[in-house]
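Asks: Data: coords.csv, CSV, C-alpha atoms.
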chain,number,residue,atom,x,y,z
A,12,MET,CA,0.0,0.0,0.0
A,13,SER,CA,1.4,3.4,-0.9
A,14,THR,CA,1.0,6.1,1.7
A,15,THR,CA,1.6,9.7,1.2
A,16,LEU,CA,0.8,12.8,3.2
A,17,SER,CA,-0.8,15.9,1.9
A,18,THR,CA,-1.9,18.8,4.1
A,19,SER,CA,-3.1,22.3,3.4
A,20,SER,CA,-4.4,25.1,5.5
A,21,PHE,CA,-7.3,27.5,4.7
A,22,SER,CA,-6.6,29.5,7.9
A,23,SER,CA,-6.0,33.2,7.6
A,24,SER,CA,-2.6,32.4,9.1
A,25,SER,CA,-0.6,31.2,6.1
A,26,ASP,CA,2.0,29.5,8.2
A,27,GLN,CA,-0.4,27.7,10.5
A,28,ASP,CA,0.6,24.1,11.2
A,29,ARG,CA,-1.2,21.6,13.4
A,30,PRO,CA,1.4,18.8,14.1
A,31,GLU,CA,-1.0,17.1,16.6
A,32,LEU,CA,-3.7,16.7,13.8
A,33,ARG,CA,-1.1,15.7,11.3
A,34,GLN,CA,0.2,13.0,13.7
A,35,ALA,CA,-3.3,11.9,14.5
A,36,ILE,CA,-4.2,11.2,10.9
A,37,GLU,CA,-0.9,9.5,10.3
A,38,GLU,CA,-1.6,7.2,13.3
A,39,ILE,CA,-5.0,6.4,11.9
A,40,VAL,CA,-3.5,5.3,8.6
A,41,GLY,CA,-0.9,3.3,10.5
A,42,SER,CA,-3.7,1.4,12.2
A,43,GLY,CA,-4.9,0.0,8.9
A,44,VAL,CA,-7.1,2.7,7.4
A,45,LEU,CA,-6.3,3.3,3.7
A,46,GLY,CA,-6.9,7.0,3.5
A,47,VAL,CA,-8.1,9.9,5.7
A,48,GLN,CA,-9.5,13.3,4.8
A,49,LEU,CA,-9.8,15.7,7.8
A,50,ARG,CA,-11.2,19.2,8.2
A,51,VAL,CA,-11.2,21.0,11.6
A,52,THR,CA,-12.4,24.4,12.6
A,53,ASP,CA,-11.7,25.8,16.1
A,54,ALA,CA,-10.3,28.8,17.8
A,55,ARG,CA,-7.1,28.5,15.8
A,56,GLY,CA,-8.9,28.7,12.4
A,57,GLU,CA,-9.5,26.0,9.8
A,58,TRP,CA,-7.1,23.2,9.1
A,59,VAL,CA,-7.5,20.7,6.2
A,60,GLY,CA,-5.3,17.6,5.8
A,61,SER,CA,-5.2,14.1,4.4
A,62,ALA,CA,-3.0,11.1,4.8
A,63,GLY,CA,-2.7,7.6,3.3
A,64,ALA,CA,-3.7,6.7,-0.2
A,65,ARG,CA,-6.6,7.1,-2.6
A,66,GLU,CA,-6.6,3.5,-3.7
A,67,LEU,CA,-4.7,0.3,-3.1
A,68,GLY,CA,-1.4,0.3,-4.8
A,69,GLY,CA,-1.8,3.8,-6.1
A,70,GLY,CA,0.8,6.5,-5.8
A,71,ALA,CA,-1.6,9.5,-6.2
A,72,GLU,CA,-1.7,11.9,-3.2
A,73,PRO,CA,-4.8,11.6,-1.1
A,74,LEU,CA,-7.6,14.1,-1.6
A,75,THR,CA,-8.5,16.7,0.9
A,76,ASP,CA,-12.1,17.2,-0.2
A,77,GLY,CA,-13.1,14.2,-2.2
A,78,HIS,CA,-16.5,12.6,-2.2
A,79,PHE,CA,-17.2,9.6,0.0
A,80,ARG,CA,-20.2,7.6,1.3
A,81,ILE,CA,-21.1,8.9,4.7
A,82,GLY,CA,-23.1,5.9,6.1
A,83,SER,CA,-25.2,6.6,9.1
A,84,SER,CA,-24.3,10.3,9.1
A,85,THR,CA,-27.2,10.3,6.6
A,86,LYS,CA,-29.5,10.0,9.6
A,87,SER,CA,-28.7,13.6,10.7
A,88,PHE,CA,-29.8,14.9,7.3
A,89,ILE,CA,-33.0,12.9,7.5
A,90,ALA,CA,-33.8,14.1,11.0
A,91,SER,CA,-33.0,17.8,10.0
A,92,SER,CA,-35.3,17.5,7.0
A,93,VAL,CA,-38.1,16.1,9.2
A,94,LEU,CA,-37.7,18.9,11.7
A,95,LEU,CA,-37.7,21.5,8.9
A,96,LEU,CA,-41.0,20.1,7.8
A,97,VAL,CA,-42.2,20.2,11.4
A,98,ALA,CA,-41.3,23.9,11.3
A,99,GLU,CA,-43.4,24.3,8.1
A,100,GLY,CA,-46.4,22.7,9.9
A,101,ARG,CA,-46.4,19.6,7.6
A,102,ILE,CA,-45.3,17.0,10.2
A,103,ALA,CA,-46.1,16.6,13.9
A,104,LEU,CA,-43.3,15.0,15.9
A,105,ASP,CA,-45.7,13.3,18.3
A,106,ALA,CA,-48.2,12.1,15.7
A,107,PRO,CA,-48.4,8.4,14.9
A,108,ALA,CA,-46.1,7.5,12.0
A,109,ALA,CA,-49.1,5.5,10.8
A,110,HIS,CA,-51.0,8.7,10.2
A,111,TYR,CA,-48.6,9.5,7.4
A,112,LEU,CA,-48.0,5.9,6.3
A,113,PRO,CA,-51.3,4.1,6.6
A,114,GLY,CA,-50.3,1.3,4.3
A,115,PHE,CA,-47.9,-0.6,6.5
A,116,GLY,CA,-50.1,-1.4,9.5
A,117,LEU,CA,-47.7,0.3,11.9
A,118,ASP,CA,-48.4,0.1,15.6
A,119,ARG,CA,-50.2,3.5,16.2
A,120,GLY,CA,-48.1,3.9,19.4
A,121,ILE,CA,-45.0,4.6,17.2
A,122,THR,CA,-44.6,8.3,16.7
A,123,VAL,CA,-42.4,10.2,14.3
A,124,ARG,CA,-40.3,11.2,17.2
A,125,MET,CA,-39.7,7.6,18.1
A,126,LEU,CA,-38.5,6.9,14.6
A,127,LEU,CA,-35.9,9.6,14.8
A,128,GLN,CA,-34.8,8.6,18.3
A,129,HIS,CA,-34.7,4.8,17.7
A,130,THR,CA,-37.3,4.2,20.4
A,131,SER,CA,-39.9,2.6,18.1
A,132,GLY,CA,-38.9,-1.0,18.8
A,133,ILE,CA,-39.0,-1.8,15.0
A,134,PHE,CA,-36.6,-4.5,14.0
A,135,SER,CA,-33.8,-3.3,11.7
A,136,HIS,CA,-33.9,-4.6,8.2
A,137,THR,CA,-30.1,-5.0,8.3
A,138,GLY,CA,-30.4,-7.5,11.2
A,139,GLU,CA,-30.2,-7.3,15.0
A,140,LEU,CA,-27.8,-8.5,17.7
A,141,LEU,CA,-30.0,-9.5,20.6
A,142,GLU,CA,-29.1,-9.1,24.3
A,143,ASP,CA,-28.3,-12.8,24.6
A,144,GLY,CA,-25.8,-12.7,21.7
A,145,THR,CA,-28.2,-14.2,19.2
A,146,VAL,CA,-27.9,-12.6,15.7
A,147,VAL,CA,-31.2,-12.3,13.8
A,148,PRO,CA,-30.3,-11.7,10.2
A,149,GLY,CA,-32.0,-9.2,7.8
A,150,ILE,CA,-31.1,-8.6,4.2
A,151,ALA,CA,-27.7,-9.8,3.0
A,152,TRP,CA,-25.1,-7.1,3.4
A,153,GLN,CA,-21.9,-9.1,4.1
A,154,GLY,CA,-19.8,-11.7,2.4
A,155,LYS,CA,-20.0,-13.2,-1.0
A,156,ALA,CA,-23.8,-12.9,-0.9
A,157,TRP,CA,-23.6,-9.1,-0.8
A,158,VAL,CA,-20.8,-9.0,-3.4
A,159,ASP,CA,-22.8,-11.0,-5.9
A,160,ASP,CA,-25.9,-8.9,-5.3
A,161,ARG,CA,-24.2,-5.5,-4.8
A,162,PHE,CA,-26.0,-3.8,-7.8
A,163,ARG,CA,-29.5,-5.0,-6.7
A,164,THR,CA,-32.1,-2.4,-6.1
A,165,TYR,CA,-34.2,-2.6,-3.0
A,166,ARG,CA,-37.4,-0.6,-2.7
A,167,PRO,CA,-37.8,1.2,0.7
A,168,GLU,CA,-41.2,-0.4,1.1
A,169,GLU,CA,-39.6,-3.9,0.7
A,170,LEU,CA,-37.1,-3.1,3.5
A,171,VAL,CA,-39.9,-1.9,5.8
A,172,ARG,CA,-42.1,-5.0,5.2
A,173,LEU,CA,-39.1,-7.2,5.9
A,174,SER,CA,-38.6,-5.4,9.2
A,175,LEU,CA,-42.3,-5.6,10.1
A,176,SER,CA,-42.3,-9.4,9.5
A,177,LYS,CA,-40.0,-9.7,12.5
A,178,ALA,CA,-41.0,-9.4,16.1
A,179,PRO,CA,-40.5,-5.9,17.5
A,180,ARG,CA,-37.7,-5.4,19.9
A,181,PHE,CA,-40.0,-3.8,22.5
A,182,ALA,CA,-43.2,-1.9,22.8
A,183,PRO,CA,-43.1,1.6,21.4
A,184,GLY,CA,-41.2,4.0,23.6
A,185,GLU,CA,-40.2,1.3,26.1
A,186,GLY,CA,-36.6,0.9,25.1
A,187,TRP,CA,-33.8,2.0,22.7
A,188,SER,CA,-32.5,0.0,19.7
A,189,TYR,CA,-30.6,1.4,16.7
A,190,SER,CA,-32.7,0.5,13.6
A,191,ASN,CA,-31.9,1.6,10.1
A,192,THR,CA,-35.6,0.9,9.3
A,193,ASN,CA,-36.6,3.8,11.5
A,194,TYR,CA,-35.0,6.2,9.1
A,195,VAL,CA,-36.3,4.4,6.0
A,196,LEU,CA,-39.8,5.1,7.4
A,197,ALA,CA,-38.8,8.7,8.3
A,198,ARG,CA,-37.8,9.2,4.7
A,199,LEU,CA,-41.1,7.8,3.5
A,200,VAL,CA,-42.9,10.2,5.8
A,201,ILE,CA,-41.0,13.1,4.1
A,202,GLU,CA,-41.9,11.9,0.7
A,203,GLU,CA,-45.6,11.3,1.6
A,204,VAL,CA,-46.2,14.7,3.1
A,205,THR,CA,-44.4,16.6,0.3
A,206,GLY,CA,-45.2,14.5,-2.7
A,207,ARG,CA,-41.6,14.7,-3.7
A,208,SER,CA,-38.6,12.5,-3.5
A,209,PHE,CA,-36.2,12.8,-0.5
A,210,ALA,CA,-33.5,13.9,-2.9
A,211,GLU,CA,-35.6,16.8,-4.1
A,212,GLU,CA,-36.6,17.8,-0.5
A,213,LEU,CA,-32.9,17.6,0.6
A,214,GLN,CA,-32.1,20.0,-2.1
A,215,ARG,CA,-34.9,22.4,-1.1
A,216,LEU,CA,-34.4,22.2,2.6
A,217,ILE,CA,-30.7,21.9,3.1
A,218,VAL,CA,-28.4,21.7,0.1
A,219,ARG,CA,-29.5,24.9,-1.7
A,220,PRO,CA,-30.0,27.1,1.5
A,221,LEU,CA,-26.5,26.1,2.8
A,222,GLY,CA,-24.8,26.2,-0.6
A,223,LEU,CA,-23.6,22.6,-0.4
A,224,THR,CA,-21.9,21.4,-3.6
A,225,GLY,CA,-21.0,17.7,-3.1
A,226,THR,CA,-23.9,16.3,-1.1
A,227,VAL,CA,-26.0,13.6,-2.9
A,228,ALA,CA,-28.9,11.3,-1.9
A,229,PRO,CA,-28.1,8.7,-4.6
A,230,GLY,CA,-31.2,6.5,-4.4
A,231,ALA,CA,-30.3,3.3,-6.3
A,232,SER,CA,-27.4,4.8,-8.3
A,233,PRO,CA,-24.1,3.1,-7.8
A,234,GLU,CA,-22.1,6.1,-8.9
A,235,LEU,CA,-19.8,8.1,-6.7
A,236,PRO,CA,-19.0,11.6,-8.0
A,237,GLU,CA,-15.4,12.5,-8.9
A,238,PRO,CA,-13.0,13.1,-7.4
A,239,HIS,CA,-13.1,10.4,-4.7
A,240,HIS,CA,-11.1,7.8,-2.9
A,241,HIS,CA,-11.7,4.1,-3.4
A,242,SER,CA,-13.3,1.6,-1.0
A,243,TYR,CA,-12.7,-2.1,-0.9
A,244,TYR,CA,-14.3,-5.3,0.4
A,245,ARG,CA,-12.4,-8.5,1.4
A,246,TYR,CA,-14.4,-11.8,1.3
A,247,GLN,CA,-14.1,-15.5,0.9
A,248,ASP,CA,-15.0,-17.1,-2.4
A,249,GLY,CA,-14.6,-20.9,-2.8
A,250,GLY,CA,-12.0,-21.0,0.0
A,251,GLN,CA,-10.0,-18.2,-1.5
A,252,GLU,CA,-9.7,-14.7,-0.1
A,253,ARG,CA,-10.5,-11.9,-2.6
A,254,THR,CA,-10.4,-8.2,-2.3
A,255,LEU,CA,-12.8,-6.2,-4.6
A,256,ASP,CA,-13.0,-2.5,-5.3
A,257,VAL,CA,-16.6,-1.7,-4.2
A,258,THR,CA,-16.5,2.1,-4.7
A,259,ARG,CA,-19.4,1.6,-7.1
A,260,HIS,CA,-22.3,-0.3,-5.6
A,261,ASN,CA,-26.1,0.2,-5.2
A,262,PRO,CA,-26.7,1.6,-1.7
A,263,SER,CA,-30.4,1.0,-1.7
A,264,TRP,CA,-29.8,-2.0,0.7
A,265,VAL,CA,-29.3,0.5,3.5
A,266,ALA,CA,-31.5,3.3,2.0
A,267,ALA,CA,-32.1,6.3,4.2
A,268,GLY,CA,-30.3,4.4,7.1
A,269,GLY,CA,-27.0,5.4,5.5
A,270,ASP,CA,-26.9,5.9,1.7
A,271,MET,CA,-25.8,9.5,1.2
A,272,ILE,CA,-22.6,10.9,-0.3
A,273,SER,CA,-20.8,14.1,0.8
A,274,THR,CA,-17.5,15.8,1.3
A,275,THR,CA,-15.7,17.0,4.4
A,276,ARG,CA,-16.4,20.6,3.3
A,277,ASP,CA,-20.2,20.0,3.0
A,278,LEU,CA,-20.4,18.1,6.2
A,279,HIS,CA,-18.5,21.0,7.9
A,280,THR,CA,-20.9,23.6,6.5
A,281,TYR,CA,-24.0,21.6,7.4
A,282,PHE,CA,-23.0,20.7,10.9
A,283,SER,CA,-21.7,24.2,11.7
A,284,ALA,CA,-25.0,25.7,10.5
A,285,LEU,CA,-27.0,23.0,12.4
A,286,MET,CA,-25.2,23.4,15.7
A,287,GLY,CA,-24.9,27.2,15.4
A,288,GLY,CA,-28.7,27.5,15.1
A,289,ARG,CA,-28.7,28.7,11.5
A,290,LEU,CA,-30.7,25.7,10.1
A,291,LEU,CA,-33.4,24.8,12.6
A,292,PRO,CA,-35.5,27.1,14.8
A,293,ALA,CA,-34.2,27.1,18.3
A,294,GLU,CA,-37.0,25.1,19.8
A,295,LEU,CA,-36.6,22.3,17.3
A,296,LEU,CA,-32.8,22.3,17.6
A,297,GLY,CA,-33.4,21.9,21.4
A,298,GLU,CA,-35.7,18.9,20.6
A,299,MET,CA,-33.0,17.4,18.4
A,300,ARG,CA,-30.3,17.8,21.0
A,301,THR,CA,-32.4,16.3,23.9
A,302,PRO,CA,-31.0,12.8,24.4
A,303,GLU,CA,-32.8,9.8,25.6
A,304,ALA,CA,-31.3,8.2,28.7
A,305,THR,CA,-29.9,4.9,27.3
A,306,VAL,CA,-27.0,6.0,25.0
A,307,GLY,CA,-27.6,9.7,24.7
A,308,TYR,CA,-29.3,9.8,21.3
A,309,GLY,CA,-31.4,12.8,20.4
A,310,LEU,CA,-33.2,13.1,17.1
A,311,GLY,CA,-30.5,12.2,14.6
A,312,VAL,CA,-27.5,13.2,16.8
A,313,PHE,CA,-25.7,11.7,19.7
A,314,ALA,CA,-24.8,13.9,22.7
A,315,GLN,CA,-21.4,13.1,24.3
A,316,GLU,CA,-20.0,14.8,27.4
A,317,ALA,CA,-16.4,15.9,26.9
A,318,GLU,CA,-13.9,17.9,28.8
A,319,GLY,CA,-14.8,21.1,27.0
A,320,GLY,CA,-18.6,20.6,27.2
A,321,THR,CA,-21.2,18.6,25.3
A,322,VAL,CA,-20.1,17.4,21.9
A,323,TYR,CA,-22.8,16.4,19.3
A,324,HIS,CA,-22.1,14.0,16.6
A,325,HIS,CA,-23.4,11.4,14.1
A,326,ASN,CA,-20.7,9.2,12.5
A,327,GLY,CA,-21.4,6.6,9.9
A,328,ALA,CA,-19.7,3.6,8.4
A,329,THR,CA,-20.7,1.7,5.3
A,330,ILE,CA,-18.9,-0.8,3.0
A,331,GLY,CA,-15.3,0.4,2.9
A,332,SER,CA,-16.1,4.0,3.7
A,333,ALA,CA,-16.9,6.1,6.8
A,334,ALA,CA,-17.6,9.6,8.0
A,335,LEU,CA,-16.9,11.5,11.3
A,336,MET,CA,-19.0,14.5,12.1
A,337,TYR,CA,-18.6,16.3,15.4
A,338,GLY,CA,-19.5,19.8,16.7
A,339,SER,CA,-19.6,21.9,19.8
A,340,ALA,CA,-23.0,23.2,21.0
A,341,ASP,CA,-22.4,26.6,19.4
A,342,GLY,CA,-21.0,25.3,16.2
A,343,SER,CA,-17.6,27.1,16.7
A,344,ARG,CA,-15.7,23.8,16.8
A,345,ILE,CA,-16.4,21.3,14.0
A,346,LEU,CA,-14.6,18.2,13.0
A,347,THR,CA,-15.4,16.3,9.9
A,348,ALA,CA,-13.5,13.4,8.3
A,349,GLY,CA,-13.8,10.8,5.5
A,350,LEU,CA,-12.1,7.4,5.7
A,351,ASN,CA,-11.7,4.8,3.1
A,352,TYR,CA,-10.5,1.3,3.9
A,353,VAL,CA,-10.6,-2.4,3.1
A,354,ASP,CA,-13.8,-3.8,4.8
A,355,ASP,CA,-14.7,-7.4,5.5
A,356,ALA,CA,-17.5,-9.4,7.1
A,357,GLU,CA,-15.7,-9.5,10.5
A,358,LEU,CA,-15.6,-5.7,10.6
A,359,SER,CA,-12.0,-6.1,11.5
A,360,LEU,CA,-11.3,-2.4,11.1
A,361,ALA,CA,-13.9,-1.4,13.8
A,362,ALA,CA,-11.2,-0.9,16.4
A,363,ALA,CA,-9.2,1.3,14.0
A,364,PHE,CA,-12.4,3.3,13.3
A,365,GLN,CA,-13.0,3.8,17.0
A,366,LYS,CA,-9.3,4.8,17.5
A,367,ALA,CA,-9.7,7.4,14.8
A,368,GLN,CA,-12.7,8.9,16.6
A,369,GLN,CA,-10.9,8.9,20.0
A,370,LEU,CA,-7.7,10.5,18.6
A,371,LEU,CA,-9.4,13.2,16.7
A,372,VAL,CA,-12.1,14.1,19.3
A,373,ALA,CA,-9.4,14.2,22.0
A,374,GLU,CA,-7.3,16.7,20.0
A,375,VAL,CA,-10.1,19.0,19.0
A,376,PHE,CA,-12.6,18.8,21.9
A,377,CYS,CA,-10.7,17.5,24.9
A,378,GLY,CA,-7.3,19.3,24.9
A,379,GLY,CA,-5.5,16.2,23.7
A,380,GLN,CA,-6.8,14.0,26.5
A,381,ALA,CA,-8.7,11.0,25.3
A,382,GLY,CA,-12.1,10.5,27.0
A,383,PRO,CA,-14.6,7.7,26.7
A,384,ALA,CA,-14.9,6.1,23.3
A,385,PRO,CA,-17.6,7.8,21.4
A,386,SER,CA,-20.3,5.9,19.6
A,387,THR,CA,-19.2,4.5,16.3
A,388,ASP,CA,-22.4,4.8,14.3
In structure tokens, write the structure found in this file.
Replies:
Amino acid sequence: MSTTLSTSSFSSSSDQDRPELRQAIEEIVGSGVLGVQLRVTDARGEWVGSAGARELGGGAEPLTDGHFRIGSSTKSFIASSVLLLVAEGRIALDAPAAHYLPGFGLDRGITVRMLLQHTSGIFSHTGELLEDGTVVPGIAWQGKAWVDDRFRTYRPEELVRLSLSKAPRFAPGEGWSYSNTNYVLARLVIEEVTGRSFAEELQRLIVRPLGLTGTVAPGASPELPEPHHHSYYRYQDGGQERTLDVTRHNPSWVAAGGDMISTTRDLHTYFSALMGGRLLPAELLGEMRTPEATVGYGLGVFAQEAEGGTVYHHNGATIGSAALMYGSADGSRILTAGLNYVDDAELSLAAAFQKAQQLLVAEVFCGGQAGPAPSTD
């Protein structure tokens, strides 16, 4: 694997250097991640850097603002879109989701708020790990089965019906369980009340108002806009280990649970505006940032206590690609990153991903002192 380092600064101070950030991203690459793109804004200004490689065996310098799949960071955009429609009077947070989606036979105790906070009890279509260690599978998204089917299109309704065919995890509002299907349903609510696709509403509500240029809701398209790094998947085929470039694949298997594409610059702009109160009305931002008691999940964001105060975030990981997105309560400190790597069914880079979060959050939000491991998804 070729590894190179490319850093640049967009601070007003032309000679600004951040050796601690430079070292952090080099350590992340050293832990097994192929490439890292990082963007930080804090009291010292903005710093942008990258380390590693764009692709396996390639000598090209890594990008600093390339496109990447952001995984479950998508959920923050979905939640913001729902809340903007609440502000328009088109959705009520505490209305039954079945009011907007009558065709699924949803339990009428499940509210829109519960979808956004993962307290609905709905089984996740990507499978569940139960408390006793039992794995209940959903759709195939690992191993050769996923590789062979990676260009298949799943309709959101198909994913919802799969989830509803499984026993719920708990009664509505009686627990917390991270379910990608909650956000598939939230997207369908958006589409039902507006009569437009989520991609169109994303443009209207967030992309155009904030001037984002690299953020895409791809639907079933396998394409990743240029420029971009490459993502890989390692799997077993007939007793042989193979590694495949999966930069292009159809993300409809995860749908609104984690299908979006963005850049570190766009994530930075979005999360700064969100945390700084420039996207949502103050009352609804307060609703978003009010965490439930189990893991500190609000409406599409986690709340994590750190040395410098509460840090809000929603990271994401999908096949060979991941996003980090963190911000202070006032939006003055923002960290966004894109990672590309070689994935596998054992999720063997999960520890490296967690280390990346700890290193970077410690440097930007905790004065270099690592705190508790933040949530990884």
Asks: Which residue is closest to Arg166 of chain A? Choose from A:Leu74, A:Leu358, A:Val265, A:Ala62 and count only C-alpha atoms.
Replies: A:Val265
Asks: Between A:Pro179, A:Gly319, A:Gly138, A:Gly297, which has the minimum distance to Trp264 of chain A (counting all atoms listed in the file)?
Replies: A:Gly138
Asks: Name the closest residue to Phe162 of chain A among the candidates A:Asp118, A:Pro73, A:Ser263, A:Ser84; distances are taken between atoms, counting only C-alpha atoms.
Replies: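 Of A:Asp118, A:Pro73, A:Ser263, A:Ser84, the one nearest Phe162 of chain A is A:Ser263, counting only C-alpha atoms.
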Asks: Compile a residue-level contact table for segment 173-237 of chain A against segment 152-161 of chain A at a cut-off of 12 Å, reporting for every qualifying residue the shortest atom pair and its distance in Å to one decimal, with only C-alpha atoms counted, rows ordered by chain and ascending number, as a Markdown table.
Replies:
| residue | atom | partner | partner_atom | distance |
| --- | --- | --- | --- | --- |
| A:Ala231 | CA | A:Arg161 | CA | 10.8 |
| A:Ser232 | CA | A:Arg161 | CA | 11.3 |
| A:Pro233 | CA | A:Arg161 | CA | 9.1 |
Asks: Choose the residue, out of A:Glu374, A:Glu303, A:Asp256, A:Asp248, that has the smallest atom-to-atom separation from Val51 of chain A; count only C-alpha atoms.
Replies: A:Glu374
Asks: Nearest to Thr75 of chain A among A:Arg29, A:His110, A:Arg215, A:His240, with distances taken over all atoms listed in the file: which residue is it?
Replies: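 Closest residue, counting all atoms listed in the file: A:His240.
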Asks: Can you list, as a list in words, every protein, DNA or RNA residue that comes within 10 Å of Ser190 of chain A when you count all atoms listed in the file, leaving out same-chain residues fewer than 2 positions away?
Replies: Leu126, Leu127, Gln128, His129, Thr130, Ser131, Gly132, Ile133, Phe134, Ser135, His136, Thr137, Gly138, Glu139, Ser174, Arg180, Trp187, Ser188, Thr192, Asn193, Tyr194, Val195 and Gly268 of chain A
Asks: Go ahead and find all residues with at least one atom no further than 12 Å from (-26.9, 6.6, 1.9) in the file's coordinates, using only C-alpha atoms; report them as JSON, numbers by chain.
Replies: {"A": [79, 80, 81, 82, 83, 84, 85, 86, 87, 88, 89, 191, 194, 195, 198, 209, 210, 226, 227, 228, 229, 230, 231, 232, 233, 234, 235, 260, 261, 262, 263, 264, 265, 266, 267, 268, 269, 270, 271, 272, 273, 327, 328, 329, 330, 332, 333, 334]}
Asks: Select, from A:Leu104, A:Leu216, A:Val123, A:Leu291, the residue with the minimum atom-to-atom distance to Leu196 of chain A, counting only C-alpha atoms.
Replies: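 Ranking A:Leu104, A:Leu216, A:Val123, A:Leu291 by distance to Leu196 of chain A, first place goes to A:Val123.
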Asks: When you draw a straight line from atom CA of Glu202 of chain A to atom CA of Arg219 of chain A, how long is it in Å?
Replies: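 So the answer is 18.1 Å.
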Asks: For atom CA of Leu112 of chain A and atom CA of Val204 of chain A, determine how far apart the two atoms are, in Å to one decimal place.
Replies: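 Distance reported for this atom pair: 9.5 Å.
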Asks: Just want the 7 Å neighbourhood of Ala35 of chain A, counted on only C-alpha atoms, with same-chain residues fewer than 3 positions away dropped. Output as an mmCIF file with C-alpha atoms, keeping the file's coordinate frame.
Replies:
data_model
loop_
_atom_site.group_PDB
_atom_site.id
_atom_site.type_symbol
_atom_site.label_atom_id
_atom_site.label_comp_id
_atom_site.auth_asym_id
_atom_site.auth_seq_id
_atom_site.Cartn_x
_atom_site.Cartn_y
_atom_site.Cartn_z
ATOM 1 C CA GLU A 31 -1.000 17.100 16.600
ATOM 2 C CA LEU A 32 -3.700 16.700 13.800
ATOM 3 C CA GLU A 38 -1.600 7.200 13.300
ATOM 4 C CA ILE A 39 -5.000 6.400 11.900
ATOM 5 C CA LEU A 370 -7.700 10.500 18.600
ATOM 6 C CA LEU A 371 -9.400 13.200 16.700
#
Asks: So that I can see what lies close to Arg33 of chain A, please list as a PDB file with C-alpha atoms, keeping the file's coordinate frame the residues with an atom at most 10 Å from it, counting all atoms listed in the file and leaving out residues fewer than 2 positions away in the same chain.
Replies:
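Writing done, so here's selection_26.pdb:
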ATOM      1  CA  LEU A  16       0.800  12.800   3.200  1.00  0.00           C
ATOM      2  CA  SER A  17      -0.800  15.900   1.900  1.00  0.00           C
ATOM      3  CA  THR A  18      -1.900  18.800   4.100  1.00  0.00           C
ATOM      4  CA  ASP A  28       0.600  24.100  11.200  1.00  0.00           C
ATOM      5  CA  ARG A  29      -1.200  21.600  13.400  1.00  0.00           C
ATOM      6  CA  PRO A  30       1.400  18.800  14.100  1.00  0.00           C
ATOM      7  CA  GLU A  31      -1.000  17.100  16.600  1.00  0.00           C
ATOM      8  CA  ALA A  35      -3.300  11.900  14.500  1.00  0.00           C
ATOM      9  CA  ILE A  36      -4.200  11.200  10.900  1.00  0.00           C
ATOM     10  CA  GLU A  37      -0.900   9.500  10.300  1.00  0.00           C
ATOM     11  CA  GLU A  38      -1.600   7.200  13.300  1.00  0.00           C
ATOM     12  CA  LEU A  49      -9.800  15.700   7.800  1.00  0.00           C
ATOM     13  CA  TRP A  58      -7.100  23.200   9.100  1.00  0.00           C
ATOM     14  CA  VAL A  59      -7.500  20.700   6.200  1.00  0.00           C
ATOM     15  CA  GLY A  60      -5.300  17.600   5.800  1.00  0.00           C
ATOM     16  CA  SER A  61      -5.200  14.100   4.400  1.00  0.00           C
ATOM     17  CA  ALA A  62      -3.000  11.100   4.800  1.00  0.00           C
TER      18      ALA A  62
END
Asks: Could you state the separation of atom CA of Thr305 of chain A and atom CA of Gly186 of chain A in Å, given to one decimal place?
Replies: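 For atom CA of Thr305 of chain A relative to atom CA of Gly186 of chain A, the distance reads 8.1 Å.
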Asks: Using only C-alpha atoms, what residues lie at most 10 Å away from (-9.6, 27.7, 15.2) (file coordinates), given as JSON, numbers by chain?
Replies: {"A": [22, 51, 52, 53, 54, 55, 56, 57, 58, 343, 344, 345, 375]}
